[in-house]
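Peer 1: If it helps, the file is called data.cif and holds mmCIF, N, CA and C atoms:
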data_coords
#
loop_
_atom_site.label_atom_id
_atom_site.label_comp_id
_atom_site.auth_asym_id
_atom_site.auth_seq_id
_atom_site.Cartn_x
_atom_site.Cartn_y
_atom_site.Cartn_z
N MET A 1 104.83 23.70 -176.64
CA MET A 1 105.28 23.35 -175.30
C MET A 1 105.51 24.60 -174.45
N PHE A 2 106.06 25.64 -175.09
CA PHE A 2 106.35 26.87 -174.35
C PHE A 2 105.06 27.49 -173.82
N ALA A 3 104.01 27.50 -174.63
CA ALA A 3 102.72 28.04 -174.19
C ALA A 3 102.18 27.24 -173.01
N LEU A 4 102.27 25.93 -173.09
CA LEU A 4 101.79 25.08 -172.00
C LEU A 4 102.56 25.35 -170.72
N ILE A 5 103.87 25.50 -170.83
CA ILE A 5 104.69 25.80 -169.65
C ILE A 5 104.27 27.13 -169.04
N LEU A 6 104.05 28.14 -169.87
CA LEU A 6 103.62 29.44 -169.35
C LEU A 6 102.27 29.33 -168.65
N TRP A 7 101.33 28.62 -169.28
CA TRP A 7 100.01 28.50 -168.67
C TRP A 7 100.05 27.69 -167.38
N LEU A 8 100.91 26.68 -167.31
CA LEU A 8 101.06 25.92 -166.06
C LEU A 8 101.73 26.76 -164.98
N THR A 9 102.60 27.66 -165.38
CA THR A 9 103.25 28.56 -164.43
C THR A 9 102.25 29.54 -163.82
N MET A 10 101.15 29.75 -164.52
CA MET A 10 100.12 30.63 -163.99
C MET A 10 99.45 30.06 -162.74
N LEU A 11 99.43 28.75 -162.60
CA LEU A 11 98.75 28.14 -161.45
C LEU A 11 99.36 28.57 -160.11
N PRO A 12 100.68 28.45 -159.92
CA PRO A 12 101.24 28.93 -158.66
C PRO A 12 101.08 30.45 -158.49
N ALA A 13 101.11 31.17 -159.60
CA ALA A 13 100.92 32.62 -159.51
C ALA A 13 99.49 32.95 -159.08
N LEU A 14 98.54 32.17 -159.54
CA LEU A 14 97.14 32.38 -159.11
C LEU A 14 96.99 32.08 -157.62
N VAL A 15 97.66 31.04 -157.15
CA VAL A 15 97.63 30.72 -155.72
C VAL A 15 98.27 31.87 -154.93
N ALA A 16 99.40 32.35 -155.42
CA ALA A 16 100.07 33.47 -154.75
C ALA A 16 99.18 34.71 -154.75
N MET A 17 98.43 34.92 -155.82
CA MET A 17 97.52 36.06 -155.88
C MET A 17 96.44 35.96 -154.79
N GLY A 18 95.99 34.73 -154.55
CA GLY A 18 94.99 34.53 -153.51
C GLY A 18 95.55 34.68 -152.10
N LEU A 19 96.82 34.38 -151.93
CA LEU A 19 97.43 34.45 -150.61
C LEU A 19 98.06 35.81 -150.30
N ASP A 20 98.52 36.51 -151.31
CA ASP A 20 99.22 37.78 -151.15
C ASP A 20 98.24 38.92 -151.36
N GLU A 21 98.04 39.71 -150.35
CA GLU A 21 97.04 40.78 -150.41
C GLU A 21 97.61 42.11 -150.88
N ARG A 22 98.88 42.15 -151.25
CA ARG A 22 99.49 43.41 -151.67
C ARG A 22 98.85 43.92 -152.96
N THR A 23 98.69 45.23 -153.02
CA THR A 23 98.15 45.86 -154.22
C THR A 23 99.01 47.06 -154.60
N LEU A 24 98.90 47.44 -155.82
CA LEU A 24 99.54 48.64 -156.32
C LEU A 24 98.46 49.42 -157.07
N ARG A 25 98.11 50.55 -156.52
CA ARG A 25 97.03 51.38 -157.07
C ARG A 25 95.72 50.60 -157.20
N GLY A 26 95.45 49.78 -156.21
CA GLY A 26 94.19 49.06 -156.15
C GLY A 26 94.15 47.75 -156.93
N VAL A 27 95.26 47.36 -157.55
CA VAL A 27 95.32 46.13 -158.34
C VAL A 27 96.36 45.20 -157.72
N SER A 28 96.04 43.92 -157.64
CA SER A 28 96.97 42.95 -157.08
C SER A 28 98.30 43.00 -157.82
N VAL A 29 99.39 42.86 -157.07
CA VAL A 29 100.71 42.88 -157.69
C VAL A 29 100.93 41.65 -158.59
N TRP A 30 100.08 40.66 -158.49
CA TRP A 30 100.19 39.45 -159.31
C TRP A 30 99.42 39.56 -160.62
N ALA A 31 98.61 40.59 -160.79
CA ALA A 31 97.79 40.72 -161.99
C ALA A 31 98.63 40.89 -163.25
N LYS A 32 99.63 41.75 -163.20
CA LYS A 32 100.43 42.01 -164.40
C LYS A 32 101.24 40.79 -164.83
N PRO A 33 101.95 40.09 -163.91
CA PRO A 33 102.65 38.88 -164.36
C PRO A 33 101.70 37.83 -164.94
N LEU A 34 100.53 37.70 -164.36
CA LEU A 34 99.56 36.74 -164.88
C LEU A 34 99.11 37.11 -166.30
N LYS A 35 98.87 38.40 -166.53
CA LYS A 35 98.46 38.84 -167.87
C LYS A 35 99.57 38.59 -168.88
N PHE A 36 100.82 38.83 -168.50
CA PHE A 36 101.93 38.57 -169.42
C PHE A 36 102.06 37.09 -169.73
N MET A 37 101.95 36.24 -168.71
CA MET A 37 102.05 34.80 -168.95
C MET A 37 100.93 34.33 -169.89
N ALA A 38 99.73 34.83 -169.67
CA ALA A 38 98.60 34.43 -170.51
C ALA A 38 98.77 34.93 -171.95
N SER A 39 99.17 36.18 -172.12
CA SER A 39 99.27 36.73 -173.47
C SER A 39 100.45 36.16 -174.24
N VAL A 40 101.59 35.98 -173.60
CA VAL A 40 102.74 35.40 -174.30
C VAL A 40 102.45 33.92 -174.62
N GLY A 41 101.77 33.24 -173.72
CA GLY A 41 101.37 31.85 -174.00
C GLY A 41 100.44 31.77 -175.20
N LEU A 42 99.50 32.70 -175.28
CA LEU A 42 98.58 32.73 -176.42
C LEU A 42 99.34 33.06 -177.71
N LEU A 43 100.27 34.00 -177.65
CA LEU A 43 101.10 34.32 -178.82
C LEU A 43 101.89 33.10 -179.27
N ALA A 44 102.51 32.40 -178.33
CA ALA A 44 103.30 31.22 -178.68
C ALA A 44 102.42 30.12 -179.29
N ALA A 45 101.25 29.91 -178.71
CA ALA A 45 100.36 28.87 -179.23
C ALA A 45 99.85 29.20 -180.62
N THR A 46 99.46 30.43 -180.86
CA THR A 46 98.96 30.80 -182.18
C THR A 46 100.08 30.80 -183.22
N THR A 47 101.28 31.20 -182.81
CA THR A 47 102.41 31.15 -183.73
C THR A 47 102.72 29.71 -184.12
N ALA A 48 102.72 28.81 -183.16
CA ALA A 48 102.96 27.40 -183.45
C ALA A 48 101.87 26.85 -184.37
N TRP A 49 100.64 27.28 -184.15
CA TRP A 49 99.52 26.83 -184.97
C TRP A 49 99.70 27.31 -186.41
N PHE A 50 100.05 28.59 -186.57
CA PHE A 50 100.26 29.12 -187.92
C PHE A 50 101.46 28.48 -188.61
N ILE A 51 102.52 28.23 -187.88
CA ILE A 51 103.70 27.58 -188.46
C ILE A 51 103.33 26.18 -188.95
N GLY A 52 102.37 25.55 -188.28
CA GLY A 52 101.91 24.23 -188.71
C GLY A 52 101.29 24.23 -190.09
N PHE A 53 100.82 25.37 -190.58
CA PHE A 53 100.25 25.47 -191.92
C PHE A 53 101.32 25.63 -193.00
N LEU A 54 102.54 25.93 -192.61
CA LEU A 54 103.62 26.11 -193.58
C LEU A 54 104.09 24.77 -194.11
N PRO A 55 104.58 24.76 -195.35
CA PRO A 55 105.18 23.52 -195.85
C PRO A 55 106.40 23.16 -195.00
N PRO A 56 106.70 21.87 -194.88
CA PRO A 56 107.82 21.45 -194.02
C PRO A 56 109.14 22.15 -194.30
N GLU A 57 109.45 22.40 -195.56
CA GLU A 57 110.72 23.05 -195.86
C GLU A 57 110.75 24.50 -195.38
N GLN A 58 109.61 25.17 -195.35
CA GLN A 58 109.57 26.54 -194.85
C GLN A 58 109.64 26.59 -193.33
N ARG A 59 109.17 25.56 -192.66
CA ARG A 59 109.24 25.53 -191.19
C ARG A 59 110.67 25.57 -190.70
N GLN A 60 111.58 25.04 -191.50
CA GLN A 60 112.98 24.99 -191.12
C GLN A 60 113.77 26.21 -191.60
N SER A 61 113.10 27.18 -192.21
CA SER A 61 113.80 28.35 -192.73
C SER A 61 114.34 29.22 -191.59
N ARG A 62 115.33 30.01 -191.92
CA ARG A 62 115.94 30.88 -190.91
C ARG A 62 114.96 31.89 -190.36
N SER A 63 114.09 32.41 -191.20
CA SER A 63 113.15 33.43 -190.73
C SER A 63 112.16 32.85 -189.71
N VAL A 64 111.67 31.65 -189.96
CA VAL A 64 110.75 31.01 -189.01
C VAL A 64 111.49 30.68 -187.72
N GLN A 65 112.69 30.17 -187.83
CA GLN A 65 113.48 29.86 -186.64
C GLN A 65 113.78 31.11 -185.82
N LEU A 66 114.02 32.23 -186.51
CA LEU A 66 114.26 33.50 -185.82
C LEU A 66 113.02 33.95 -185.06
N ILE A 67 111.87 33.80 -185.67
CA ILE A 67 110.61 34.16 -185.00
C ILE A 67 110.41 33.31 -183.75
N VAL A 68 110.62 32.02 -183.88
CA VAL A 68 110.44 31.12 -182.74
C VAL A 68 111.42 31.45 -181.62
N ARG A 69 112.67 31.67 -181.96
CA ARG A 69 113.67 32.01 -180.95
C ARG A 69 113.37 33.34 -180.28
N THR A 70 112.90 34.29 -181.05
CA THR A 70 112.54 35.60 -180.49
C THR A 70 111.42 35.47 -179.48
N ILE A 71 110.41 34.69 -179.79
CA ILE A 71 109.30 34.48 -178.85
C ILE A 71 109.79 33.77 -177.60
N LEU A 72 110.63 32.77 -177.77
CA LEU A 72 111.15 32.04 -176.61
C LEU A 72 112.00 32.93 -175.71
N ILE A 73 112.88 33.71 -176.30
CA ILE A 73 113.77 34.55 -175.50
C ILE A 73 113.00 35.70 -174.85
N ALA A 74 112.19 36.38 -175.64
CA ALA A 74 111.43 37.52 -175.10
C ALA A 74 110.39 37.07 -174.08
N GLY A 75 109.78 35.94 -174.33
CA GLY A 75 108.74 35.45 -173.44
C GLY A 75 109.26 34.86 -172.15
N SER A 76 110.51 34.45 -172.12
CA SER A 76 111.04 33.84 -170.90
C SER A 76 111.94 34.78 -170.12
N SER A 77 112.19 35.97 -170.63
CA SER A 77 113.03 36.92 -169.89
C SER A 77 112.19 37.65 -168.86
N LYS A 78 112.85 38.17 -167.86
CA LYS A 78 112.15 38.86 -166.76
C LYS A 78 111.83 40.28 -167.12
#
Output the file's structure as structure tokens, nothing else.

Peer 2:
Amino acid sequence: MFALILWLTMLPALVAMGLDERTLRGVSVWAKPLKFMASVGLLAATTAWFIGFLPPEQRQSRSVQLIVRTILIAGSSK
């Protein structure tokens, strides 16, 4: 779900990129946030996919929960 939310958040940012002509060293100021949203979304999706291969009892382990929380906190902070 987190990956989907990040990728959906990219849509307004893409619109803003088209409307906002500001650049920094020749690159749109919206390029970096878009790259972060895409890459963190991909990380979250692949992590969820790999966790799906774990046995159910391991999915609930503290280490897996720590990984998931770390991705959620780091990926949603500014």

Peer 1: With only C-alpha atoms as the basis for distance, which of A:Val15, A:Trp49, A:Gln65, A:Leu4 is at the shortest distance from Ala31 in chain A?

Peer 2: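 Of A:Val15, A:Trp49, A:Gln65, A:Leu4, the one nearest Ala31 in chain A, counting only C-alpha atoms, is A:Val15.
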
Peer 1: Report the distance between atom N of Leu14 in chain A and atom C of Leu66 in chain A in Å, rounded to one decimal place.

Peer 2: 29.4 Å

Peer 1: When DSSP is applied to the backbone of this structure, which of chain A are assigned strand (DSSP E or B)? Write them out as a list in words.

Peer 2: Thr23, Leu24, Val27 and Ser28 of chain A

Peer 1: Find the residue from A:Ala38, A:Gly18, A:Lys32, A:Val27 that sits nearest to Leu6 in chain A; use all atoms listed in the file when measuring.

Peer 2: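 When distances to Leu6 in chain A are compared using all atoms listed in the file, the smallest one comes from A:Ala38.
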
Peer 1: Do a neighbour search on Val40 in chain A at 6 Å with all atoms listed in the file, toss out local chain neighbours closer than 5 positions, and write the hits as a list in words.

Peer 2: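 In the requested form, the answer reads Ala3, Lys35 and Ala45 of chain A.
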
Peer 1: Grab the atom C of Ala16 in chain A to CA of Ser76 in chain A distance for me, in Å with one decimal place.

Peer 2: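 Here the two named atoms are 20.1 Å from each other.
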
Peer 1: Write out as a PyMOL selection string the set of residues from chain A that DSSP, computed on the backbone, places in alpha helix (DSSP H).

Peer 2: chain A and resi 2-19+31-51+56-59+62-76

Peer 1: Could you tell me which residues the PyMOL selection byres (((chain A and resi 71 and name CA) around 12) and name CA) returns for this structure, as a PyMOL selection string?

Peer 2: chain A and resi 2-3+39-48+64-70+72-77

Peer 1: Quick one: pull the distance between atom C of Met10 in chain A and atom N of Phe50 in chain A, Å, one decimal.

Peer 2: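 Separating atom C of Met10 in chain A from atom N of Phe50 in chain A is a distance of 23.9 Å.
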
Peer 1: Please extract range 35-48 of chain A and write it out with all heavy atoms, as a PDB file, in the first residue's frame.

Peer 2:
ATOM      1  N   LYS A  35      12.134  11.332  -8.308  1.00  0.00           N
ATOM      2  CA  LYS A  35      13.030  10.175  -8.265  1.00  0.00           C
ATOM      3  C   LYS A  35      12.974   9.487  -6.911  1.00  0.00           C
ATOM      4  O   LYS A  35      12.995   8.258  -6.831  1.00  0.00           O
ATOM      5  CB  LYS A  35      14.466  10.592  -8.589  1.00  0.00           C
ATOM      6  CG  LYS A  35      14.678  10.923 -10.057  1.00  0.00           C
ATOM      7  CD  LYS A  35      16.140  11.028 -10.411  1.00  0.00           C
ATOM      8  CE  LYS A  35      16.777  12.248  -9.801  1.00  0.00           C
ATOM      9  NZ  LYS A  35      18.170  12.448 -10.236  1.00  0.00           N
ATOM     10  N   PHE A  36      12.902  10.261  -5.828  1.00  0.00           N
ATOM     11  CA  PHE A  36      12.812   9.662  -4.499  1.00  0.00           C
ATOM     12  C   PHE A  36      11.509   8.899  -4.331  1.00  0.00           C
ATOM     13  O   PHE A  36      11.501   7.787  -3.790  1.00  0.00           O
ATOM     14  CB  PHE A  36      12.951  10.720  -3.402  1.00  0.00           C
ATOM     15  CG  PHE A  36      14.370  11.022  -3.049  1.00  0.00           C
ATOM     16  CD1 PHE A  36      14.905  12.269  -3.321  1.00  0.00           C
ATOM     17  CD2 PHE A  36      15.180  10.087  -2.449  1.00  0.00           C
ATOM     18  CE1 PHE A  36      16.213  12.557  -3.005  1.00  0.00           C
ATOM     19  CE2 PHE A  36      16.492  10.359  -2.126  1.00  0.00           C
ATOM     20  CZ  PHE A  36      17.020  11.608  -2.402  1.00  0.00           C
ATOM     21  N   MET A  37      10.398   9.482  -4.778  1.00  0.00           N
ATOM     22  CA  MET A  37       9.112   8.788  -4.655  1.00  0.00           C
ATOM     23  C   MET A  37       9.132   7.477  -5.442  1.00  0.00           C
ATOM     24  O   MET A  37       8.650   6.452  -4.956  1.00  0.00           O
ATOM     25  CB  MET A  37       7.973   9.687  -5.138  1.00  0.00           C
ATOM     26  CG  MET A  37       7.608  10.774  -4.166  1.00  0.00           C
ATOM     27  SD  MET A  37       6.183  11.723  -4.719  1.00  0.00           S
ATOM     28  CE  MET A  37       6.999  13.142  -5.436  1.00  0.00           C
ATOM     29  N   ALA A  38       9.691   7.511  -6.639  1.00  0.00           N
ATOM     30  CA  ALA A  38       9.747   6.305  -7.464  1.00  0.00           C
ATOM     31  C   ALA A  38      10.647   5.242  -6.839  1.00  0.00           C
ATOM     32  O   ALA A  38      10.268   4.068  -6.752  1.00  0.00           O
ATOM     33  CB  ALA A  38      10.243   6.659  -8.864  1.00  0.00           C
ATOM     34  N   SER A  39      11.825   5.644  -6.367  1.00  0.00           N
ATOM     35  CA  SER A  39      12.765   4.652  -5.843  1.00  0.00           C
ATOM     36  C   SER A  39      12.317   4.088  -4.497  1.00  0.00           C
ATOM     37  O   SER A  39      12.437   2.882  -4.261  1.00  0.00           O
ATOM     38  CB  SER A  39      14.166   5.252  -5.733  1.00  0.00           C
ATOM     39  OG  SER A  39      14.198   6.325  -4.822  1.00  0.00           O
ATOM     40  N   VAL A  40      11.786   4.917  -3.618  1.00  0.00           N
ATOM     41  CA  VAL A  40      11.312   4.405  -2.329  1.00  0.00           C
ATOM     42  C   VAL A  40      10.068   3.527  -2.552  1.00  0.00           C
ATOM     43  O   VAL A  40       9.901   2.503  -1.883  1.00  0.00           O
ATOM     44  CB  VAL A  40      11.028   5.551  -1.337  1.00  0.00           C
ATOM     45  CG1 VAL A  40      10.373   5.035  -0.072  1.00  0.00           C
ATOM     46  CG2 VAL A  40      12.316   6.284  -0.995  1.00  0.00           C
ATOM     47  N   GLY A  41       9.230   3.902  -3.499  1.00  0.00           N
ATOM     48  CA  GLY A  41       8.081   3.055  -3.838  1.00  0.00           C
ATOM     49  C   GLY A  41       8.519   1.695  -4.358  1.00  0.00           C
ATOM     50  O   GLY A  41       7.958   0.662  -3.986  1.00  0.00           O
ATOM     51  N   LEU A  42       9.547   1.682  -5.196  1.00  0.00           N
ATOM     52  CA  LEU A  42      10.067   0.420  -5.714  1.00  0.00           C
ATOM     53  C   LEU A  42      10.688  -0.409  -4.589  1.00  0.00           C
ATOM     54  O   LEU A  42      10.490  -1.627  -4.521  1.00  0.00           O
ATOM     55  CB  LEU A  42      11.098   0.674  -6.814  1.00  0.00           C
ATOM     56  CG  LEU A  42      11.683  -0.553  -7.489  1.00  0.00           C
ATOM     57  CD1 LEU A  42      10.592  -1.374  -8.154  1.00  0.00           C
ATOM     58  CD2 LEU A  42      12.737  -0.133  -8.501  1.00  0.00           C
ATOM     59  N   LEU A  43      11.424   0.236  -3.688  1.00  0.00           N
ATOM     60  CA  LEU A  43      11.987  -0.469  -2.531  1.00  0.00           C
ATOM     61  C   LEU A  43      10.886  -1.079  -1.674  1.00  0.00           C
ATOM     62  O   LEU A  43      10.975  -2.243  -1.258  1.00  0.00           O
ATOM     63  CB  LEU A  43      12.837   0.486  -1.687  1.00  0.00           C
ATOM     64  CG  LEU A  43      13.338  -0.069  -0.354  1.00  0.00           C
ATOM     65  CD1 LEU A  43      14.374  -1.159  -0.578  1.00  0.00           C
ATOM     66  CD2 LEU A  43      13.900   1.036   0.502  1.00  0.00           C
ATOM     67  N   ALA A  44       9.833  -0.314  -1.400  1.00  0.00           N
ATOM     68  CA  ALA A  44       8.731  -0.813  -0.579  1.00  0.00           C
ATOM     69  C   ALA A  44       8.026  -1.985  -1.262  1.00  0.00           C
ATOM     70  O   ALA A  44       7.696  -2.985  -0.614  1.00  0.00           O
ATOM     71  CB  ALA A  44       7.738   0.313  -0.287  1.00  0.00           C
ATOM     72  N   ALA A  45       7.798  -1.877  -2.559  1.00  0.00           N
ATOM     73  CA  ALA A  45       7.112  -2.946  -3.285  1.00  0.00           C
ATOM     74  C   ALA A  45       7.948  -4.221  -3.327  1.00  0.00           C
ATOM     75  O   ALA A  45       7.418  -5.321  -3.099  1.00  0.00           O
ATOM     76  CB  ALA A  45       6.776  -2.483  -4.701  1.00  0.00           C
ATOM     77  N   THR A  46       9.231  -4.109  -3.589  1.00  0.00           N
ATOM     78  CA  THR A  46      10.069  -5.304  -3.645  1.00  0.00           C
ATOM     79  C   THR A  46      10.253  -5.917  -2.254  1.00  0.00           C
ATOM     80  O   THR A  46      10.299  -7.137  -2.120  1.00  0.00           O
ATOM     81  CB  THR A  46      11.438  -5.021  -4.276  1.00  0.00           C
ATOM     82  OG1 THR A  46      12.080  -3.947  -3.588  1.00  0.00           O
ATOM     83  CG2 THR A  46      11.301  -4.680  -5.739  1.00  0.00           C
ATOM     84  N   THR A  47      10.330  -5.076  -1.226  1.00  0.00           N
ATOM     85  CA  THR A  47      10.431  -5.607   0.134  1.00  0.00           C
ATOM     86  C   THR A  47       9.167  -6.374   0.493  1.00  0.00           C
ATOM     87  O   THR A  47       9.239  -7.479   1.054  1.00  0.00           O
ATOM     88  CB  THR A  47      10.680  -4.476   1.144  1.00  0.00           C
ATOM     89  OG1 THR A  47      11.878  -3.786   0.785  1.00  0.00           O
ATOM     90  CG2 THR A  47      10.819  -5.014   2.550  1.00  0.00           C
ATOM     91  N   ALA A  48       8.012  -5.824   0.171  1.00  0.00           N
ATOM     92  CA  ALA A  48       6.748  -6.517   0.439  1.00  0.00           C
ATOM     93  C   ALA A  48       6.686  -7.834  -0.326  1.00  0.00           C
ATOM     94  O   ALA A  48       6.217  -8.854   0.192  1.00  0.00           O
ATOM     95  CB  ALA A  48       5.572  -5.622   0.069  1.00  0.00           C
TER      96      ALA A  48
END
